[in-house]
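Source file: data29.tsv; contents: TSV, C-alpha atoms.
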```tsv
chain	number	residue	atom	x	y	z
A	77	MET	CA	16.25	127.67	-48.94
A	78	ASN	CA	19.73	128.07	-47.44
A	79	ASP	CA	22.93	127.34	-49.38
A	80	TYR	CA	23.72	123.98	-47.81
A	81	ALA	CA	20.13	122.80	-48.29
A	82	GLN	CA	20.30	123.66	-52.00
A	83	LYS	CA	23.47	121.61	-52.39
A	84	ASN	CA	21.91	118.69	-50.53
A	85	ALA	CA	18.82	118.89	-52.75
A	86	GLN	CA	21.00	118.52	-55.84
A	87	MET	CA	22.74	115.56	-54.22
A	88	PHE	CA	19.43	113.83	-53.41
A	89	ASP	CA	18.28	114.37	-56.99
A	90	ALA	CA	21.46	112.73	-58.26
A	91	TRP	CA	21.14	109.82	-55.82
A	92	ALA	CA	17.53	109.21	-56.87
A	93	LYS	CA	18.48	109.15	-60.55
A	94	GLU	CA	21.24	106.64	-59.76
A	95	GLY	CA	18.76	104.21	-58.14
A	96	TRP	CA	19.00	105.24	-54.47
A	97	GLU	CA	17.11	102.70	-52.34
A	98	TYR	CA	15.16	105.52	-50.65
A	99	GLY	CA	14.28	107.01	-54.01
A	100	THR	CA	12.89	103.86	-55.62
A	101	PRO	CA	9.08	104.11	-55.73
A	102	LEU	CA	6.77	101.20	-54.97
A	103	SER	CA	5.95	98.99	-57.93
A	104	PRO	CA	2.34	98.24	-58.95
A	105	GLU	CA	2.75	94.78	-57.40
A	106	GLN	CA	3.92	96.26	-54.09
A	107	CYS	CA	1.02	98.71	-54.10
A	108	GLU	CA	-1.43	95.85	-54.54
A	109	MET	CA	0.17	94.08	-51.58
A	110	VAL	CA	-0.35	97.24	-49.49
A	111	ARG	CA	-4.04	97.22	-50.40
A	112	GLN	CA	-4.18	93.66	-49.05
A	113	GLY	CA	-2.58	94.81	-45.78
A	114	ASP	CA	0.88	93.42	-46.61
A	115	TYR	CA	3.38	96.25	-46.20
A	116	GLN	CA	6.40	97.45	-44.23
A	117	LEU	CA	6.83	101.11	-43.31
A	118	TYR	CA	10.35	102.31	-42.52
A	119	LEU	CA	11.67	105.27	-40.54
A	120	THR	CA	15.19	103.84	-40.34
A	121	SER	CA	17.31	101.45	-42.37
A	122	VAL	CA	16.57	97.83	-41.46
A	123	THR	CA	13.69	97.37	-39.02
A	124	PRO	CA	10.13	98.29	-40.08
A	125	VAL	CA	7.79	100.31	-37.89
A	126	PRO	CA	5.51	98.12	-35.75
A	127	LYS	CA	2.04	98.27	-37.24
A	128	ASN	CA	0.57	99.14	-33.84
A	129	TRP	CA	2.43	102.46	-34.04
A	130	LEU	CA	-0.12	103.51	-36.66
A	131	PRO	CA	-3.79	104.28	-36.01
A	132	SER	CA	-5.96	101.18	-36.32
A	133	ASN	CA	-7.89	102.97	-39.08
A	134	LEU	CA	-6.06	105.48	-41.28
A	135	LYS	CA	-9.05	106.35	-43.46
A	136	GLY	CA	-9.44	110.11	-43.55
A	137	LYS	CA	-6.50	110.80	-41.25
A	138	LYS	CA	-4.43	113.80	-42.27
A	139	VAL	CA	-0.80	112.73	-42.56
A	140	LEU	CA	2.28	114.84	-43.21
A	141	GLY	CA	5.35	113.18	-44.71
A	142	LEU	CA	8.37	115.18	-43.57
A	143	ALA	CA	11.27	114.71	-46.02
A	144	SER	CA	9.46	111.53	-47.08
A	145	GLY	CA	9.71	111.72	-50.85
A	146	GLY	CA	10.56	108.78	-53.06
A	147	GLY	CA	7.22	107.07	-53.56
A	148	GLN	CA	7.43	104.82	-50.50
A	149	GLN	CA	6.03	105.97	-47.13
A	150	MET	CA	3.43	108.32	-48.57
A	151	ALA	CA	2.33	105.72	-51.09
A	152	ILE	CA	1.73	103.15	-48.35
A	153	LEU	CA	-0.22	105.53	-46.14
A	154	SER	CA	-2.28	106.89	-49.04
A	155	LEU	CA	-3.20	103.38	-50.15
A	156	LEU	CA	-4.30	102.66	-46.57
A	157	GLY	CA	-6.74	105.56	-46.79
A	158	ALA	CA	-4.87	108.51	-45.30
A	159	LYS	CA	-5.06	112.01	-46.76
A	160	CYS	CA	-1.38	112.66	-47.30
A	161	THR	CA	0.69	115.80	-47.67
A	162	LEU	CA	4.37	115.56	-48.59
A	163	ILE	CA	7.14	118.09	-48.17
A	164	ASP	CA	10.61	117.31	-49.51
A	165	ILE	CA	13.58	119.28	-50.79
A	166	SER	CA	14.31	117.03	-53.77
A	167	ASP	CA	12.53	117.44	-57.09
A	168	ALA	CA	13.32	113.85	-58.06
A	169	GLN	CA	11.85	112.50	-54.83
A	170	LEU	CA	8.68	114.53	-55.32
A	171	VAL	CA	8.35	113.35	-58.92
A	172	ALA	CA	8.49	109.75	-57.70
A	173	ASP	CA	5.56	110.33	-55.33
A	174	LYS	CA	3.54	112.12	-58.00
A	175	MET	CA	4.18	109.24	-60.41
A	176	VAL	CA	2.93	106.61	-57.94
A	177	ALA	CA	-0.13	108.69	-57.01
A	178	ASP	CA	-1.08	109.18	-60.67
A	179	ARG	CA	-0.51	105.51	-61.49
A	180	GLU	CA	-2.45	104.20	-58.47
A	181	GLY	CA	-5.26	106.76	-58.60
A	182	TYR	CA	-5.03	108.54	-55.26
A	183	ALA	CA	-4.60	112.22	-54.42
A	184	ILE	CA	-1.58	113.63	-52.61
A	185	ASN	CA	-0.62	117.21	-51.73
A	186	ILE	CA	2.99	117.81	-52.73
A	187	THR	CA	5.15	120.74	-51.60
A	188	LYS	CA	8.80	121.40	-52.32
A	189	GLY	CA	10.39	122.83	-49.21
A	190	ASP	CA	13.27	122.91	-46.75
A	191	ILE	CA	12.16	121.40	-43.43
A	192	SER	CA	14.76	123.47	-41.56
A	193	GLU	CA	12.55	126.48	-42.32
A	194	PRO	CA	9.04	127.15	-40.93
A	195	LEU	CA	6.61	124.66	-42.45
A	196	PRO	CA	4.02	126.12	-44.87
A	197	PHE	CA	1.08	124.53	-43.03
A	198	LYS	CA	-1.56	125.69	-40.55
A	199	ASP	CA	-1.49	125.10	-36.81
A	200	ASN	CA	-3.14	121.84	-35.68
A	201	GLU	CA	-3.51	120.59	-39.26
A	202	PHE	CA	-2.31	116.98	-39.06
A	203	ASP	CA	-3.17	113.82	-37.13
A	204	LEU	CA	0.12	112.10	-37.87
A	205	ILE	CA	3.62	113.04	-39.06
A	206	ILE	CA	5.98	110.51	-40.62
A	207	ALA	CA	9.62	111.61	-40.60
A	208	PRO	CA	12.20	109.04	-41.76
A	209	VAL	CA	15.85	109.74	-40.94
A	210	SER	CA	16.63	113.19	-42.33
A	211	LEU	CA	17.69	115.43	-39.43
A	212	CYS	CA	21.29	114.39	-40.08
A	213	TYR	CA	21.03	116.77	-43.07
A	214	ILE	CA	19.77	119.61	-40.85
A	215	GLN	CA	22.09	121.70	-38.69
A	216	LYS	CA	19.64	122.39	-35.85
A	217	VAL	CA	17.12	119.82	-34.63
A	218	GLU	CA	14.88	121.68	-32.21
A	219	PRO	CA	13.31	124.16	-34.68
A	220	VAL	CA	12.16	121.21	-36.82
A	221	ILE	CA	10.62	119.44	-33.82
A	222	LYS	CA	8.88	122.64	-32.70
A	223	GLU	CA	7.34	123.01	-36.15
A	224	CYS	CA	6.11	119.42	-35.97
A	225	ALA	CA	4.42	120.25	-32.66
A	226	ARG	CA	2.83	123.36	-34.15
A	227	VAL	CA	1.23	121.64	-37.15
A	228	LEU	CA	0.14	118.50	-35.26
A	229	LYS	CA	-3.22	118.29	-33.51
A	230	ASP	CA	-3.36	117.71	-29.76
A	231	LYS	CA	-2.78	113.98	-29.14
A	232	GLY	CA	-1.32	113.75	-32.64
A	233	THR	CA	1.52	111.33	-33.29
A	234	LEU	CA	5.03	111.87	-34.63
A	235	LEU	CA	6.86	108.82	-35.98
A	236	ILE	CA	10.46	109.86	-36.50
A	237	GLY	CA	13.80	108.27	-37.28
A	238	PHE	CA	16.95	109.70	-35.71
A	239	ASP	CA	20.56	109.18	-36.79
A	240	ILE	CA	22.36	108.85	-33.43
A	241	GLY	CA	25.82	109.89	-34.66
A	242	THR	CA	27.81	106.65	-34.72
A	243	ASN	CA	28.18	106.86	-38.51
A	244	PHE	CA	30.22	110.03	-38.01
A	245	LEU	CA	32.74	108.56	-35.55
A	246	SER	CA	35.21	107.29	-38.11
A	247	SER	CA	36.32	108.27	-41.58
A	248	ASP	CA	37.18	104.65	-42.41
A	249	GLN	CA	34.79	102.74	-40.07
A	250	HIS	CA	37.78	101.27	-38.22
A	251	HIS	CA	39.39	104.08	-36.19
A	252	ILE	CA	37.56	106.72	-34.16
A	253	ASP	CA	38.92	109.99	-35.46
A	254	THR	CA	36.07	112.53	-35.61
A	255	ARG	CA	35.59	115.37	-33.16
A	256	PHE	CA	31.91	116.02	-32.39
A	257	PRO	CA	29.73	117.67	-33.29
A	258	TYR	CA	30.25	116.75	-36.92
A	259	ASP	CA	29.25	120.01	-38.57
A	260	PRO	CA	30.70	121.01	-41.96
A	261	ILE	CA	29.31	124.54	-41.56
A	262	ALA	CA	31.36	125.14	-38.42
A	263	ASN	CA	34.18	122.83	-39.57
A	264	PRO	CA	34.54	123.09	-43.37
A	265	GLU	CA	37.14	120.32	-43.45
A	266	GLN	CA	34.34	117.89	-42.54
A	267	TYR	CA	32.45	118.57	-45.77
A	268	SER	CA	32.29	115.68	-48.24
A	269	GLU	CA	31.28	116.22	-51.85
A	270	GLU	CA	30.04	112.62	-51.95
A	271	ASP	CA	27.90	112.79	-48.78
A	272	GLY	CA	26.85	116.43	-48.85
A	273	TYR	CA	26.24	118.50	-45.75
A	274	GLN	CA	25.55	116.15	-42.84
A	275	PHE	CA	25.43	116.91	-39.12
A	276	SER	CA	25.81	114.72	-36.05
A	277	HIS	CA	23.16	114.96	-33.34
A	278	THR	CA	23.28	113.09	-30.05
A	279	VAL	CA	20.47	110.97	-28.66
A	280	GLY	CA	20.08	113.43	-25.80
A	281	GLU	CA	19.87	116.41	-28.15
A	282	GLN	CA	17.11	114.80	-30.20
A	283	LEU	CA	15.02	113.27	-27.43
A	284	SER	CA	15.21	116.41	-25.30
A	285	ALA	CA	13.94	118.42	-28.29
A	286	LEU	CA	10.87	116.17	-28.30
A	287	LEU	CA	10.31	116.58	-24.57
A	288	ARG	CA	10.70	120.37	-24.66
A	289	SER	CA	8.11	120.53	-27.44
A	290	SER	CA	5.50	118.71	-25.29
A	291	PHE	CA	5.89	115.29	-26.86
A	292	GLU	CA	5.58	112.15	-24.77
A	293	ILE	CA	7.76	109.26	-25.94
A	294	ALA	CA	5.40	106.29	-26.32
A	295	ASP	CA	7.83	103.76	-27.78
A	296	LEU	CA	11.21	103.46	-29.50
A	297	PHE	CA	13.72	100.98	-30.88
A	298	ASP	CA	17.36	100.92	-32.01
A	299	ASP	CA	18.22	100.19	-35.63
A	300	TYR	CA	21.33	99.46	-37.64
A	301	ASN	CA	23.01	100.21	-40.95
A	302	SER	CA	22.08	97.76	-43.68
A	303	SER	CA	25.78	97.09	-44.43
A	304	GLY	CA	29.30	98.05	-43.39
A	305	ARG	CA	31.51	97.75	-40.33
A	306	LEU	CA	29.01	99.07	-37.80
A	307	LYS	CA	26.47	96.53	-39.08
A	308	GLU	CA	29.05	93.74	-38.69
A	309	LEU	CA	29.71	94.79	-35.08
A	310	GLN	CA	25.98	95.28	-34.38
A	311	ILE	CA	26.52	98.86	-33.25
A	312	PRO	CA	23.26	100.85	-33.54
A	313	SER	CA	23.20	103.80	-35.90
A	314	PHE	CA	19.56	104.90	-35.67
A	315	LEU	CA	16.69	105.31	-33.26
A	316	ALA	CA	13.03	105.08	-34.29
A	317	VAL	CA	10.62	106.91	-31.99
A	318	LYS	CA	6.86	107.11	-31.57
A	319	ALA	CA	5.96	110.35	-29.78
A	320	VAL	CA	2.51	111.69	-28.87
A	321	LEU	CA	1.87	115.43	-28.56
A	322	HIS	CA	0.19	116.89	-25.46
A	323	LYS	CA	-0.59	120.57	-26.02
```
How does this structure look as structure tokens?
Amino acid sequence: MNDYAQKNAQMFDAWAKEGWEYGTPLSPEQCEMVRQGDYQLYLTSVTPVPKNWLPSNLKGKKVLGLASGGGQQMAILSLLGAKCTLIDISDAQLVADKMVADREGYAINITKGDISEPLPFKDNEFDLIIAPVSLCYIQKVEPVIKECARVLKDKGTLLIGFDIGTNFLSSDQHHIDTRFPYDPIANPEQYSEEDGYQFSHTVGEQLSALLRSSFEIADLFDDYNSSGRLKELQIPSFLAVKAVLHK
């Protein structure tokens, strides 16, 4: 694990302990609702994934949750019958998933790892990858996408959330004052103790990484921050993408 990833892991642990919305595991009542088919799966902040983005029957499907800890996405997919594997950099996020799995009585494979490094999984291992917004904490996008392509089966599906960079435009959300790319490794003055190591990536950079890794974009939608100035102005901050692999 590289130095900036270690610092981000500590930050995620602290956020989860403080009640971070993405580190709050599903309650027993929410899990029961999932069993009844009443659930919302998120890759981005506000808008849930359309249910037709998922296979019509998840039973037995091998699913990888990429940086998906927190007892949310993996809990939903496990309760719907998928055989889930989770990799996340945060101990607290992994503990949340283990807690939900133990409480609800399903099995989950849990691995602590840095997704900017080669994934510790076999080629062609998974039918589906779920990757909520996390590449904004990774300096280089394309190696992550290539690893997704390697571990997915042919015709496998990647559901991924991208941060499109608008959150990095302004230090106060009122005046554009940031030179891109936002990269605190290359530009140390951009580092924030509160927000950790974050990196801007353009839409073109992220979508072209999918295309160069033999993914076909099947569907996508814009999404927004849940609060703040960009939300008020209805300026998109995220992109959710369904991509299908053709090896």
Take the point (-1.8, 114.7, -35.9) in the file's coordinates, draw a sphere of radius 9 Å around it, and report as a short mmCIF file (atom, residue, chain, number, x, y, z; two decimals) with C-alpha atoms, in the frame of the given file every protein, DNA or RNA residue with an atom inside or on it, counting all atoms listed in the file.
```
data_model
loop_
_atom_site.label_atom_id
_atom_site.label_comp_id
_atom_site.auth_asym_id
_atom_site.auth_seq_id
_atom_site.Cartn_x
_atom_site.Cartn_y
_atom_site.Cartn_z
CA LYS A 137 -6.50 110.80 -41.25
CA LYS A 138 -4.43 113.80 -42.27
CA VAL A 139 -0.80 112.73 -42.56
CA LEU A 140 2.28 114.84 -43.21
CA ASN A 200 -3.14 121.84 -35.68
CA GLU A 201 -3.51 120.59 -39.26
CA PHE A 202 -2.31 116.98 -39.06
CA ASP A 203 -3.17 113.82 -37.13
CA LEU A 204 0.12 112.10 -37.87
CA ILE A 205 3.62 113.04 -39.06
CA ALA A 225 4.42 120.25 -32.66
CA VAL A 227 1.23 121.64 -37.15
CA LEU A 228 0.14 118.50 -35.26
CA LYS A 229 -3.22 118.29 -33.51
CA ASP A 230 -3.36 117.71 -29.76
CA LYS A 231 -2.78 113.98 -29.14
CA GLY A 232 -1.32 113.75 -32.64
CA THR A 233 1.52 111.33 -33.29
CA LEU A 234 5.03 111.87 -34.63
CA VAL A 320 2.51 111.69 -28.87
CA LEU A 321 1.87 115.43 -28.56
#
```
Give me, as a PyMOL selection string, all polymer residues having an atom no more than 12 Å from Glu105 in chain A, counting all atoms listed in the file and skipping those fewer than 4 positions away in the same chain. chain A and resi 101+109-112+114-115+176+179-180
Looking at A:Leu287, A:Ile311, A:Ile214, A:Ala319, which one is nearest to Phe275 in chain A, with distances taken over only C-alpha atoms?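 Closest to Phe275 in chain A of all the choices is A:Ile214.
The closest residue to Tyr213 in chain A, picked from A:Met175, A:Leu306, A:Leu170, A:Ile191 and counting all atoms listed in the file, is A:Ile191.
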Neighbours of range 259-269 of chain A within 12 Å (all atoms listed in the file; same-chain residues fewer than 5 positions away dropped), as a list in words?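 In the requested form, the answer reads Asn78, Asp79, Tyr80, Ala81, Lys83, Asn84, Gln86, Met87, Cys212, Tyr213, Ile214, Gln215, Lys216, Gly241, Phe244, Leu245, Ser246, Ser247, Asp253, Thr254, Gln274, Phe275, Ser276 and His277 of chain A.
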